[in-house]
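Novice: I have a structure here, written as C-alpha cells, and I will follow up with some questions on it.
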Amino acid sequence: MTANLTTRLGQLVDVLTPDTTNTRIGVANASPTRTLDVTGTGAISTSLAIGGATIGTNALAVTGTTALSSTLNFGGYAAEGTVTAAATTDLGTSTANRQSVTGNTTITSFGTGANLYRIIRFTGTPLITYNATSLITPTGANIQASPGDYATLSSDASGNWTITSYQPFGGVKSASVGTTNFGSGSAATLTSIALTPGKWLLSGTFVSNFGALSVYQLGIGPNNNSLTGTTMGISQIQQPAGTNGSGSASIPPITITSNTTYYLVAQVTDSNPVTLGASMTARRIY
C-alpha cells in the first residue's frame, strides 16, 4: 500500500509541475468564469467575432508566470442600451444588440450602420415612417408605436434597415353589457373600450328582442352617445315585430396616435322599448 501511495503522489506531482518550455493553458469548466494559467514565454493572439462583428483583437506577450482571468457570458445579452427617438434614431451609436427607444418624435431613419442586428423596445409613441429603400416595415406602411412594443431589425451592407418582425403590446381588448332597455329616440352608448396608440381592428355585436317593427342602427366611433363619426361602422337592421334579432358593426383598421376611447352606440326606432345585450372587441394589429 505504501508503494502504491508513493506512486499516486508522484503522478500528482507530475501533473502540478509547470511546463517551463511551452505555454500551457488550463480552462476551468465549473462555471462561466474561465481562468488561464500561463507558464513560460509565449504570445497569445485572440480575435473574437460574434454575428459578423469583430469584438476585438489582442496579442498577449507573456514572460514568466502570469495569471489571466476572464469572465465570459455565453447565451446571454449585454445590458440594454437607450436611444432617444428622433428623425434619425441611430441604432449604431451603441454596440448593444438590445436597445430601448424613448420619446415620441417621428422616426424616418435608424441611421446608416451596416450589417447590424437590433431588438428594440419602445417606451413612447413615435411614428415609424415607411421607406421602400431605407426603412422597410412588415406592412409596407407607417407603424404607430406604443409603449411595450418590440421590433426586430437588421441592416444591410449599405445601412438600409428592415423591420423583420413587429410585436405590438396590447393584444385583444373586449367589453360587454348584459341587458339594457332601449326606447325609441336618441342614440346611446352600449359599451366602450379605451385604446392606446397603434393600429386597431374594432367590431361590435348585439342581440335583442324587438317589441314591434324596428329599425336599429349600430355604430362604433370616438363619440359617446352619438352615431356621429361612425359612418363606416353603422349597420341598419329591420326586424319583424315579436321576434329576436341580432346584428353587428365593424370599421376598417384605424391608427390611433394618442389614448382614445371608442364607443359602441345604438339607436332604435320602435313603438315599444327593446332589450339589448351587446359586446365590443378591439384587436391591436400594429
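Labels for the C-alpha cells follow display order: chains A, B, ..., residues from 1 in each chain, ligands from 1.
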Among region 88-217 of chain A, which ones does DSSP place in strand (DSSP E or B), written as a VMD selection string?
Specialist: chain A and resid 88 98 to 102 107 109 117 to 122 127 to 128 131 135 to 136 143 to 144 150 to 155 161 to 167 172 to 182 188 to 195 198 to 209 214 to 217
Novice: With a cut-off of 12 Å, could you pull out the residues of region 84-166 of chain A touching region 187-205 of chain A and give me the nearest pair of atoms for each, distance in Å to one decimal, using only C-alpha atoms, ordered by chain and ascending number, as CSV?
Specialist:
```
residue,atom,partner,partner_atom,distance
A:Asn104,CA,A:Pro197,CA,11.2
A:Phe122,CA,A:Pro197,CA,11.9
A:Thr123,CA,A:Pro197,CA,11.8
A:Gly124,CA,A:Pro197,CA,9.6
A:Thr125,CA,A:Pro197,CA,6.9
A:Pro126,CA,A:Pro197,CA,9.5
A:Leu127,CA,A:Gly198,CA,9.3
A:Ile128,CA,A:Gly198,CA,11.0
A:Thr139,CA,A:Lys199,CA,11.2
A:Ala141,CA,A:Lys199,CA,11.3
A:Asn142,CA,A:Lys199,CA,10.0
A:Ile143,CA,A:Gly198,CA,7.4
A:Gln144,CA,A:Gly198,CA,4.9
A:Ala145,CA,A:Gly198,CA,6.0
A:Ser146,CA,A:Pro197,CA,5.5
A:Pro147,CA,A:Pro197,CA,8.5
A:Gly148,CA,A:Thr196,CA,10.9
A:Asp149,CA,A:Gly198,CA,9.7
A:Tyr166,CA,A:Gly198,CA,11.9
```
Novice: Using only N, CA and C atoms, please write the residues we just selected to a file, as a short mmCIF file (atom, residue, chain, number, x, y, z; two decimals), in the first residue's frame.
Specialist:
```cif
data_model
loop_
_atom_site.label_atom_id
_atom_site.label_comp_id
_atom_site.auth_asym_id
_atom_site.auth_seq_id
_atom_site.Cartn_x
_atom_site.Cartn_y
_atom_site.Cartn_z
N ASN A 104 -41.21 60.47 -28.30
CA ASN A 104 -42.36 60.36 -29.20
C ASN A 104 -42.14 60.96 -30.58
N PHE A 122 -40.00 49.91 -27.35
CA PHE A 122 -40.47 51.28 -27.31
C PHE A 122 -41.06 51.61 -25.95
N THR A 123 -40.71 52.79 -25.45
CA THR A 123 -41.31 53.28 -24.21
C THR A 123 -42.20 54.50 -24.47
N GLY A 124 -42.19 55.00 -25.71
CA GLY A 124 -43.01 56.15 -26.09
C GLY A 124 -43.90 55.81 -27.27
N THR A 125 -44.31 56.84 -27.99
CA THR A 125 -45.26 56.63 -29.10
C THR A 125 -44.76 57.28 -30.40
N PRO A 126 -43.55 56.99 -30.84
CA PRO A 126 -43.11 57.56 -32.12
C PRO A 126 -43.80 56.89 -33.30
N LEU A 127 -43.96 57.64 -34.37
CA LEU A 127 -44.45 57.08 -35.62
C LEU A 127 -43.25 56.63 -36.44
N ILE A 128 -43.23 55.37 -36.86
CA ILE A 128 -42.15 54.85 -37.69
C ILE A 128 -42.56 55.01 -39.14
N THR A 139 -45.61 45.89 -42.92
CA THR A 139 -46.89 46.24 -43.55
C THR A 139 -46.71 47.03 -44.83
N ALA A 141 -46.11 50.10 -44.76
CA ALA A 141 -46.75 51.37 -44.39
C ALA A 141 -46.17 51.82 -43.06
N ASN A 142 -46.55 53.03 -42.65
CA ASN A 142 -46.09 53.54 -41.36
C ASN A 142 -46.63 52.67 -40.22
N ILE A 143 -45.89 52.65 -39.11
CA ILE A 143 -46.32 51.94 -37.91
C ILE A 143 -46.35 52.92 -36.74
N GLN A 144 -47.47 52.97 -36.06
CA GLN A 144 -47.60 53.80 -34.87
C GLN A 144 -47.17 52.97 -33.66
N ALA A 145 -46.03 53.31 -33.09
CA ALA A 145 -45.51 52.56 -31.95
C ALA A 145 -46.26 52.95 -30.68
N SER A 146 -46.20 52.05 -29.70
CA SER A 146 -46.84 52.28 -28.42
C SER A 146 -45.95 51.69 -27.34
N PRO A 147 -46.01 52.20 -26.11
CA PRO A 147 -45.17 51.65 -25.04
C PRO A 147 -45.36 50.14 -24.88
N GLY A 148 -44.23 49.43 -24.83
CA GLY A 148 -44.26 47.98 -24.69
C GLY A 148 -44.11 47.23 -26.00
N ASP A 149 -44.18 47.92 -27.14
CA ASP A 149 -43.99 47.26 -28.43
C ASP A 149 -42.53 46.84 -28.60
N TYR A 166 -42.52 42.67 -35.90
CA TYR A 166 -43.03 43.72 -35.02
C TYR A 166 -44.09 43.10 -34.13
#
```
Novice: Rounded to one decimal place, report the CA of Ala78 (chain A)-CA of Thr152 (chain A) distance in Å.
Specialist: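 Between CA of Ala78 (chain A) and CA of Thr152 (chain A) the gap is 16.3 Å.
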Novice: Between A:Gly140, A:Gly103, A:Gly111, A:Pro252, which one has atoms that come closest to Ser154 (chain A), using only C-alpha atoms?
Specialist: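 Of all the options, A:Gly111 lies closest to Ser154 (chain A).
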Novice: Near Ser248 (chain A), within 12 Å and counting only C-alpha atoms, which residues show up once chain neighbours fewer than 6 positions away are dropped, as a list in words?
Specialist: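 Neighbouring residues, sequence-local ones excluded: Leu202, Ser203, Gly204, Thr205, Phe206, Val207, Ser208, Tyr216, Gln217, Leu218, Gly219, Ile220, Gly233, Ile234, Ser235, Gln236, Ile237, Leu264, Val265, Ala266, Gly277, Ala278, Ser279, Met280 and Thr281 of chain A.
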Novice: Between A:Thr95, A:Thr102, A:Ser258, A:Thr162, which residue has the minimum interatomic distance to Leu135 (chain A), considering only C-alpha atoms?
Specialist: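 Closest to Leu135 (chain A) of all the choices is A:Thr162.
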Novice: Contacts of Arg98 (chain A) at 10 Å or less, counting only C-alpha atoms, minus same-chain residues fewer than 5 places along, as a ChimeraX atom specification?
Specialist: /A:77-82,91,117-121,152
Novice: So what do you get for CA of Ile256 (chain A) versus CA of Thr133 (chain A), distance-wise?
Specialist: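 Separating CA of Ile256 (chain A) from CA of Thr133 (chain A) is a distance of 25.7 Å.
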